[in-house]
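Have a look at input.cif; it's mmCIF, C-alpha atoms and all ligand atoms:
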data_model
#
loop_
_atom_site.label_atom_id
_atom_site.label_comp_id
_atom_site.auth_asym_id
_atom_site.auth_seq_id
_atom_site.Cartn_x
_atom_site.Cartn_y
_atom_site.Cartn_z
CA MET A 1 16.37 -20.39 4.74
CA GLN A 2 16.08 -20.80 1.00
CA ILE A 3 14.05 -18.45 -1.16
CA LEU A 4 12.22 -20.66 -3.66
CA TRP A 5 10.55 -17.84 -5.60
CA CYS A 6 9.46 -14.21 -5.22
CA GLY A 7 7.58 -11.62 -7.22
CA GLY A 8 4.95 -8.94 -7.06
CA GLU A 9 4.49 -7.33 -10.47
CA ASN A 10 2.89 -8.38 -13.74
CA ILE A 11 6.31 -9.45 -15.07
CA ASP A 12 6.30 -12.17 -12.38
CA PHE A 13 2.91 -13.63 -13.37
CA ASN A 14 1.80 -14.60 -16.81
CA ARG A 15 -1.87 -14.01 -17.26
CA CYS A 16 -4.10 -10.95 -17.46
CA ILE A 17 -2.51 -8.96 -14.69
CA TYR A 18 -3.42 -5.38 -14.01
CA GLN A 19 -1.22 -3.35 -11.69
CA GLU A 20 -3.01 -1.30 -9.06
CA TYR A 21 -1.34 1.96 -8.05
CA ASN A 22 -3.60 2.93 -5.18
CA SER A 23 -1.01 2.74 -2.40
CA VAL A 24 -3.50 1.62 0.22
CA THR A 25 -3.27 -1.75 -1.59
CA TYR A 26 0.50 -2.21 -1.07
CA ARG A 27 3.44 -0.82 0.88
CA SER A 28 4.70 1.93 -1.40
CA ASP A 29 8.17 2.04 0.16
CA TYR A 30 8.71 -1.61 -0.87
CA ALA A 31 6.57 -2.29 -3.93
CA ARG A 32 5.74 -0.18 -7.00
CA SER A 33 2.20 -1.48 -7.20
CA SER A 34 0.04 -4.40 -6.25
CA ILE A 35 -1.23 -6.90 -8.80
CA GLU A 36 -4.87 -7.38 -9.65
CA PRO A 37 -6.60 -9.47 -12.31
CA GLN A 38 -8.06 -7.72 -15.33
CA THR A 39 -11.76 -8.00 -15.91
CA GLY A 40 -12.44 -11.29 -17.63
CA SER A 41 -9.28 -12.98 -16.36
CA SER A 42 -9.05 -16.58 -15.45
CA VAL A 43 -6.90 -17.68 -12.53
CA ILE A 44 -3.41 -16.18 -12.64
CA ILE A 45 -0.28 -18.25 -12.15
CA SER A 46 3.24 -17.18 -11.25
CA ASN A 47 6.45 -17.90 -13.08
CA PRO A 48 7.75 -21.31 -11.92
CA PHE A 49 9.73 -21.83 -8.73
CA TRP A 50 13.43 -21.75 -9.59
CA GLY A 51 14.33 -25.12 -8.14
CA GLY A 52 11.33 -27.05 -9.48
CA SER A 53 8.42 -28.47 -7.53
CA VAL A 54 8.19 -29.01 -3.76
CA THR A 55 5.74 -30.62 -1.36
CA SER A 56 6.52 -28.47 1.69
CA CYS A 57 6.98 -24.70 1.62
CA TRP A 58 5.85 -21.34 2.96
CA LEU A 59 4.24 -18.39 1.21
CA VAL A 60 4.16 -14.87 2.58
CA ALA A 61 2.40 -11.98 0.84
CA ARG A 62 0.69 -8.68 1.40
CA VAL A 63 -2.95 -9.14 0.44
CA HIS A 64 -5.42 -6.29 0.08
CA TRP A 65 -8.87 -7.76 0.59
CA ASP A 66 -11.81 -5.81 -0.81
CA SER A 67 -14.24 -8.56 -1.66
CA SER A 68 -17.97 -8.75 -1.23
CA LEU A 69 -17.94 -12.38 -2.32
CA THR A 70 -18.16 -15.56 -0.27
CA TRP A 71 -15.99 -18.53 -1.26
CA GLN A 72 -13.76 -16.14 -3.20
CA ARG A 73 -10.36 -17.59 -4.07
CA CYS A 74 -7.54 -15.29 -3.02
CA ILE A 75 -4.02 -16.74 -3.21
CA GLY A 76 -2.48 -20.20 -2.92
CA PHE A 77 -0.31 -22.94 -4.34
CA GLY A 78 -0.62 -24.57 -7.76
CA GLN A 79 1.05 -26.67 -10.41
CA ARG A 80 1.60 -25.09 -13.79
CA ASN A 81 0.63 -27.97 -16.06
CA LYS A 82 -2.73 -28.62 -14.37
CA THR A 83 -6.18 -27.30 -15.27
CA LEU A 84 -6.20 -23.60 -14.47
CA GLY A 85 -7.50 -22.94 -10.98
CA THR A 86 -6.35 -26.25 -9.55
CA GLY A 87 -4.70 -25.63 -6.22
CA LEU A 88 -4.66 -25.18 -2.52
CA TRP A 89 -6.34 -21.85 -1.86
CA LEU A 90 -6.77 -19.28 0.86
CA SER A 91 -10.32 -18.12 0.25
CA SER A 92 -13.20 -16.27 1.85
CA GLY A 93 -15.64 -18.54 3.63
CA ASP A 94 -19.41 -18.45 4.09
CA SER A 95 -18.95 -14.78 4.96
CA ARG A 96 -16.81 -12.34 3.00
CA ASP A 97 -14.79 -11.48 6.09
CA ARG A 98 -14.20 -15.08 7.14
CA PHE A 99 -11.12 -17.08 6.22
CA ALA A 100 -11.32 -20.50 4.59
CA LEU A 101 -8.88 -23.04 3.22
CA ARG A 102 -10.13 -24.75 0.06
CA THR A 103 -8.92 -27.21 -2.52
CA TYR A 104 -9.94 -26.82 -6.19
CA ASN A 105 -9.70 -29.53 -8.80
CA GLY A 106 -9.94 -26.95 -11.60
CA ASP A 107 -13.69 -27.33 -11.72
CA SER A 108 -15.09 -27.12 -8.22
CA GLY A 109 -13.88 -26.42 -4.74
CA SER A 110 -14.21 -28.08 -1.38
CA THR A 111 -13.65 -26.59 2.03
CA LEU A 112 -10.99 -27.99 4.33
CA VAL A 113 -11.65 -25.61 7.21
CA GLN A 114 -13.08 -22.18 7.94
CA GLY A 115 -11.35 -19.71 10.20
CA PRO A 116 -12.19 -16.59 12.17
CA TYR A 117 -14.10 -13.55 10.92
CA THR A 118 -10.96 -11.44 10.79
CA PHE A 119 -10.46 -11.21 7.00
CA ARG A 120 -11.39 -7.57 7.33
CA ASN A 121 -12.62 -5.85 4.21
CA TYR A 122 -10.61 -3.09 2.52
CA TYR A 123 -7.56 -3.82 4.58
CA LEU A 124 -3.94 -4.71 3.78
CA HIS A 125 -3.28 -8.07 5.45
CA HIS A 126 0.06 -9.76 6.07
CA ILE A 127 -0.67 -13.38 5.15
CA ALA A 128 1.57 -16.43 5.53
CA ILE A 129 0.64 -19.98 4.54
CA GLN A 130 2.67 -23.07 5.41
CA VAL A 131 2.21 -26.38 3.61
CA ILE A 132 3.74 -29.49 5.17
CA SER A 133 3.83 -32.66 3.05
CA TYR A 134 1.33 -31.81 0.31
CA GLY A 135 -0.66 -34.97 -0.38
CA ALA A 136 -3.09 -37.39 1.21
CA LEU A 137 -1.82 -36.65 4.71
CA GLY A 138 -0.57 -33.11 4.92
CA THR A 139 -0.95 -30.00 7.02
CA ILE A 140 -1.71 -26.38 6.14
CA ASN A 141 -1.28 -23.50 8.59
CA VAL A 142 -2.41 -19.94 7.89
CA PHE A 143 -1.15 -16.85 9.68
CA GLN A 144 -2.69 -13.37 9.58
CA ASN A 145 -0.53 -10.48 10.69
CA ARG A 146 1.92 -13.17 11.90
CA LEU A 147 -0.58 -14.95 14.20
CA GLN A 148 -2.03 -18.36 13.39
CA VAL A 149 -5.69 -18.29 12.34
CA MET A 150 -6.26 -21.70 10.73
CA THR A 151 -4.78 -25.16 10.64
CA TYR A 152 -5.86 -28.31 8.84
CA THR A 153 -4.34 -31.78 8.83
CA GLY A 154 -5.59 -34.50 6.52
CA ASP A 155 -6.03 -34.94 2.78
CA ILE A 156 -4.97 -31.66 1.16
CA THR A 157 -4.80 -33.03 -2.38
CA ALA A 158 -6.19 -30.69 -5.05
CA GLY A 159 -7.37 -32.47 -8.21
CA SER A 160 -4.52 -34.15 -10.05
CA MET A 161 -1.91 -31.78 -8.65
CA SER A 162 1.06 -33.90 -7.53
CA ALA A 163 3.30 -31.16 -6.13
CA ILE A 164 3.62 -27.37 -5.92
CA ASP A 165 5.61 -25.40 -8.49
CA CYS A 166 3.89 -22.01 -8.68
CA ILE A 167 1.70 -19.50 -6.87
CA VAL A 168 -1.91 -19.13 -7.98
CA PHE A 169 -3.85 -15.89 -7.66
CA THR A 170 -7.52 -15.05 -8.08
CA GLY A 171 -8.95 -14.28 -11.51
CA GLN A 172 -11.72 -12.17 -10.00
CA ALA A 173 -11.14 -8.52 -10.96
CA GLY A 174 -11.57 -5.70 -8.50
CA TYR A 175 -11.55 -7.55 -5.19
CA VAL A 176 -8.11 -8.86 -4.27
CA ARG A 177 -4.64 -7.39 -4.69
CA ALA A 178 -1.31 -8.92 -3.77
CA SER A 179 2.25 -7.69 -3.44
CA GLU A 180 5.57 -8.83 -1.96
CA VAL A 181 4.92 -12.52 -2.66
CA ILE A 182 7.78 -14.69 -1.32
CA VAL A 183 8.02 -18.51 -1.24
CA THR A 184 10.53 -20.17 1.08
CA ASP A 185 11.41 -23.45 2.72
CA ASN A 186 11.24 -21.95 6.20
CA ASP A 187 9.31 -19.34 8.20
CA PRO A 188 9.31 -16.18 6.02
CA ARG A 189 7.13 -13.99 8.20
CA ALA A 190 9.91 -11.44 8.77
CA LEU A 191 10.73 -11.04 5.06
CA SER A 192 9.91 -8.14 2.75
CA LEU A 193 10.27 -7.83 -1.02
CA MET A 194 11.61 -4.56 -2.40
CA SER A 195 11.41 -3.70 -6.12
CA HIS A 196 14.38 -1.98 -7.74
CA VAL A 197 14.11 -0.61 -11.26
CA PRO A 198 16.44 0.93 -13.85
CA ASN A 199 16.91 4.64 -13.20
CA GLY A 200 19.97 5.64 -15.25
CA ALA A 201 22.61 4.68 -17.76
CA GLY A 202 25.13 2.02 -16.74
CA THR A 203 28.92 1.74 -17.06
CA SER A 204 30.14 1.26 -20.65
CA SER A 205 26.87 -0.29 -21.78
CA GLN A 206 27.13 -1.96 -25.21
CA TRP A 207 23.42 -2.40 -25.84
CA THR A 208 21.21 -0.01 -27.81
CA GLY A 209 18.45 1.88 -26.00
CA ALA A 210 17.97 3.92 -22.86
CA TYR A 211 16.92 2.74 -19.40
CA THR A 212 13.60 4.51 -19.91
CA ALA A 213 12.64 1.69 -22.30
CA ILE A 214 12.84 -0.87 -19.48
CA ASP A 215 11.64 1.00 -16.41
CA ASP A 216 8.07 -0.01 -17.23
CA THR A 217 5.53 -0.41 -14.51
CA GLU A 218 2.80 -1.70 -16.78
CA ILE A 219 4.56 -3.99 -19.26
CA ASP A 220 5.26 -2.12 -22.49
CA ASP A 221 7.11 -4.19 -25.08
CA SER A 222 6.83 -1.44 -27.70
CA ASP A 223 10.19 -0.06 -26.55
CA CYS A 224 13.10 -2.11 -25.22
CA VAL A 225 16.90 -2.36 -25.12
CA TYR A 226 18.63 -4.75 -27.48
CA THR A 227 21.71 -6.13 -29.20
CA ASP A 228 22.34 -8.85 -31.75
CA THR A 229 26.07 -9.16 -31.00
CA ASP A 230 27.65 -12.01 -29.04
CA ASP A 231 28.91 -11.26 -25.49
CA TYR A 232 27.68 -7.70 -25.28
CA ASN A 233 26.88 -6.27 -21.82
CA GLY A 234 23.86 -4.02 -21.38
CA ARG A 235 24.15 -2.09 -18.11
CA PHE A 236 21.73 0.12 -16.23
CA ALA A 237 21.84 1.89 -12.88
CA MET A 238 19.20 0.75 -10.39
CA THR A 239 17.16 2.42 -7.66
CA ASP A 240 18.52 2.08 -4.13
CA CYS A 241 17.27 0.37 -0.97
CA LYS A 242 15.02 2.37 1.30
CA SER A 243 16.82 3.60 4.40
CA GLY A 244 16.87 1.35 7.42
CA THR A 245 18.75 -1.71 8.59
CA PHE A 246 18.30 -4.71 6.31
CA TYR A 247 19.76 -8.15 5.95
CA VAL A 248 19.65 -8.87 2.21
CA ARG A 249 18.81 -12.50 1.41
CA GLY A 250 19.49 -12.11 -2.29
CA ILE A 251 18.16 -10.59 -5.48
CA LYS A 252 15.96 -11.81 -8.26
CA THR A 253 16.65 -10.38 -11.70
CA VAL A 254 13.71 -10.62 -14.08
CA ALA A 255 13.37 -9.45 -17.68
CA ARG A 256 10.97 -9.91 -20.53
CA ALA A 257 13.03 -11.01 -23.49
CA CYS A 258 12.89 -12.66 -26.89
CA SER A 259 15.08 -13.50 -29.87
CA PRO A 260 13.03 -12.46 -32.89
CA SER A 261 13.16 -14.47 -36.10
CA GLY A 262 16.41 -13.76 -37.97
CA SER A 263 18.40 -12.83 -34.84
CA THR A 264 21.91 -14.09 -34.24
CA ALA A 265 21.97 -13.66 -30.44
CA ASN A 266 19.55 -16.11 -28.84
CA VAL A 267 20.64 -16.46 -25.19
CA LEU A 268 20.18 -13.90 -22.41
CA LYS A 269 22.37 -14.02 -19.32
CA LEU A 270 20.93 -12.15 -16.34
CA GLY A 271 22.75 -10.61 -13.42
CA VAL A 272 24.57 -7.60 -12.06
CA TYR A 273 27.71 -5.52 -12.51
CA SER A 274 29.36 -4.76 -9.20
CA ASN A 275 32.84 -3.54 -8.25
CA SER A 276 33.83 -3.63 -11.95
CA THR A 277 32.91 -7.32 -12.21
CA VAL A 278 30.14 -9.00 -14.19
CA ASP A 279 28.13 -11.62 -12.26
CA VAL A 280 25.60 -13.25 -14.58
CA ASP A 281 24.02 -16.70 -14.85
CA SER A 282 24.72 -19.28 -17.54
CA GLY A 283 21.91 -17.91 -19.67
CA GLN A 284 18.55 -18.96 -20.98
CA LEU A 285 17.65 -19.77 -24.57
CA LEU A 286 14.99 -17.34 -25.78
CA GLY A 287 11.96 -17.97 -27.96
CA GLU A 288 10.65 -15.64 -30.64
CA SER A 289 7.95 -14.14 -28.39
CA PHE A 290 8.50 -12.08 -25.26
CA GLU A 291 8.48 -14.07 -22.04
CA SER A 292 9.80 -13.52 -18.51
CA VAL A 293 13.16 -15.00 -17.62
CA GLU A 294 14.40 -14.96 -14.03
CA ARG A 295 17.58 -15.43 -12.04
CA TRP A 296 17.99 -15.69 -8.28
CA ALA A 297 21.34 -14.94 -6.65
CA SER A 298 22.07 -14.99 -2.94
CA THR A 299 25.56 -13.52 -3.37
CA ILE A 300 27.23 -11.00 -5.71
CA ASN A 301 30.62 -12.16 -7.03
CA GLY A 302 30.68 -14.58 -4.11
CA ASN A 303 30.13 -11.85 -1.52
CA PRO A 304 27.15 -11.63 0.82
CA MET A 305 24.76 -8.92 -0.23
CA THR A 306 24.41 -5.73 1.72
CA PRO A 307 22.29 -2.64 1.07
CA ALA A 308 25.48 -0.72 0.18
CA LEU A 309 26.45 -3.35 -2.39
CA LEU A 310 22.93 -3.35 -3.83
CA ASN A 311 22.92 0.44 -4.08
CA SER A 312 26.14 0.48 -6.09
CA MET A 313 25.40 -2.45 -8.39
CA GLU A 314 24.04 -2.17 -11.92
CA LEU A 315 21.71 -4.47 -13.80
CA ASN A 316 23.82 -6.48 -16.30
CA LEU A 317 22.23 -8.13 -19.34
CA ARG A 318 24.62 -10.20 -21.44
CA SER A 319 23.96 -11.57 -24.91
CA GLU A 320 25.19 -14.83 -26.30
CA VAL A 321 25.03 -16.58 -29.64
CA TYR A 322 24.34 -20.24 -28.93
CA THR A 323 24.65 -22.88 -31.59
CA SER A 324 23.95 -26.50 -30.73
CA CA B 401 9.42 -1.09 -22.45
CA CA B 402 21.68 2.37 -7.26
#
Exercise: express the given structure as structure tokens:
Amino acid sequence: MQILWCGGENIDFNRCIYQEYNSVTYRSDYARSSIEPQTGSSVIISNPFWGGSVTSCWLVARVHWDSSLTWQRCIGFGQRNKTLGTGLWLSSGDSRDRFALRTYNGDSGSTLVQGPYTFRNYYLHHIAIQVISYGALGTINVFQNRLQVMTYTGDITAGSMSAIDCIVFTGQAGYVRASEVIVTDNDPRALSLMSHVPNGAGTSSQWTGAYTAIDDTEIDDSDCVYTDTDDYNGRFAMTDCKSGTFYVRGIKTVARACSPSGSTANVLKLGVYSNSTVDVDSGQLLGESFESVERWASTINGNPMTPALLNSMELNLRSEVYTS
């Protein structure tokens, strides 16, 4: 199974996200919060899938449903360069506690199929959605608490969307929260997403600033860690796995970063420091404004990940001065 994308905090989505800390809306031993739109938001979209767009994939998420609205968009699949809201959506139906599958062209929606009246209000649902061959003849299956509740085969085209490259989430404040969002190429119903955050100084860190500047729950760019020197490693200890037996599929490293005007260092390499070895990606060129950059790794220094390895690793940020 390949993990195509994952996320569950405002750093993973790019529009008007509020984080909800009422732990009935998420699993507090896995996630730090759920996400929720701010009042006045438009539809929220995720950071892009790492490997580009796909036409078949799965989504699994924890969804806290607290909506009094019919035909309320909840979560689904989108394409980042299309009119906001375009997508293939799990929605409420003609009753607030009824499932529906809808397509939106960015302007209006149409119903593919309605499901059972089991979208229970004020309840944390385990939702999985499978898309097979997005297009004029495709199939969508929806699972609630791992059991199938809807299926539709036919034209599942949404507006001018040609493929799927992001997750879309409701813009309606106060009704829907999501956490532990994972996109895969195969059945992800057994997967969980656990957030790990900086909780101490790292080994021989060369960057300026303390971990407390980057342990934000709500994004706070007013304090951060930084360097303007080539090939400097910023290292920070990370929180551990919860106890239990886990098979670790991999880790996503995500940071908000920028290279302000006048900087020398302009590339950020993301990864980890483990067993005295740096394992970072080839780096991403930064703009002058803060934005999220992500890296997925299914191994550390070529070794399969284990909870013990994760517990001992440190976050490793590495600077680079790139000149074309
Ligand atoms: Ca901060
Ligand atoms: Ca640790």
Requested in this report: Determine, counting all atoms listed in the file, which protein, DNA and RNA residues have an atom within 7 Å of an atom of range 68-85 of chain A; residues of the same chain fewer than 3 positions away are not included. Present the result as a PyMOL selection string.
Outcome: chain A and resi 43+88-96+104+106+161+163-170+176
Report task. Using all atoms listed in the file, find the one residue out of A:Arg98, A:His64, A:Arg146, A:Arg15 that sits nearest to Phe119 in chain A. Result ->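 Residue with the minimum atom-to-atom distance to Phe119 in chain A: A:Arg98.
Computed from the coordinates, the CA of Ser28 in chain A to CA of Asp221 in chain A distance equals 24.6 Å.
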Report task. Would you list the residues near (10.2, -1.4, 5.0), meaning any protein, DNA or RNA residue with an atom at most 10 Å from that point in file coordinates, counting only C-alpha atoms, as a PyMOL selection string? Result -> chain A and resi 27-31+191-194+241-246
For the selection you just gave me, I'd like the residues written to a file as a compact mmCIF listing (two decimals), keeping the file's coordinate frame, keeping C-alpha atoms.
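What landed in part_20.txt:
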# COMPACT_ATOMS: atom_id res chain seq x y z
CA ARG A 27 3.44 -0.82 0.88
CA SER A 28 4.70 1.93 -1.40
CA ASP A 29 8.17 2.04 0.16
CA TYR A 30 8.71 -1.61 -0.87
CA ALA A 31 6.57 -2.29 -3.93
CA LEU A 191 10.73 -11.04 5.06
CA SER A 192 9.91 -8.14 2.75
CA LEU A 193 10.27 -7.83 -1.02
CA MET A 194 11.61 -4.56 -2.40
CA CYS A 241 17.27 0.37 -0.97
CA LYS A 242 15.02 2.37 1.30
CA SER A 243 16.82 3.60 4.40
CA GLY A 244 16.87 1.35 7.42
CA THR A 245 18.75 -1.71 8.59
CA PHE A 246 18.30 -4.71 6.31
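Each residue with an atom within 7 Å of any atom of ligand CA 402 (chain B) appears in the list, which was built counting only C-alpha atoms and all ligand atoms: A:Ala237, A:Met238, A:Thr239, A:Asp240, A:Leu310, A:Asn311, A:Ser312, A:Met313, A:Glu314.
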Query raised in the report: Between CA of Asp228 in chain A and CA of Val272 in chain A, what is the spacing in Å?
Result: 19.9 Å
Requested in this report: Tell me, in Å to one decimal, how far CA of Tyr226 in chain A is from CA of Ser298 in chain A.
Outcome: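 Those two atoms sit 26.8 Å apart.
Of the listed residues A:Asp187, A:Glu180, A:Asp281, A:Asp97, the one whose atoms come nearest to Ile132 in chain A is A:Asp187, with distances taken using all atoms listed in the file.
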Query raised in the report: Excluding same-chain residues fewer than 2 positions from range 293-296 of chain A, what lies within 9 Å of it counting only C-alpha atoms, as a count of residues only?
Result: 24
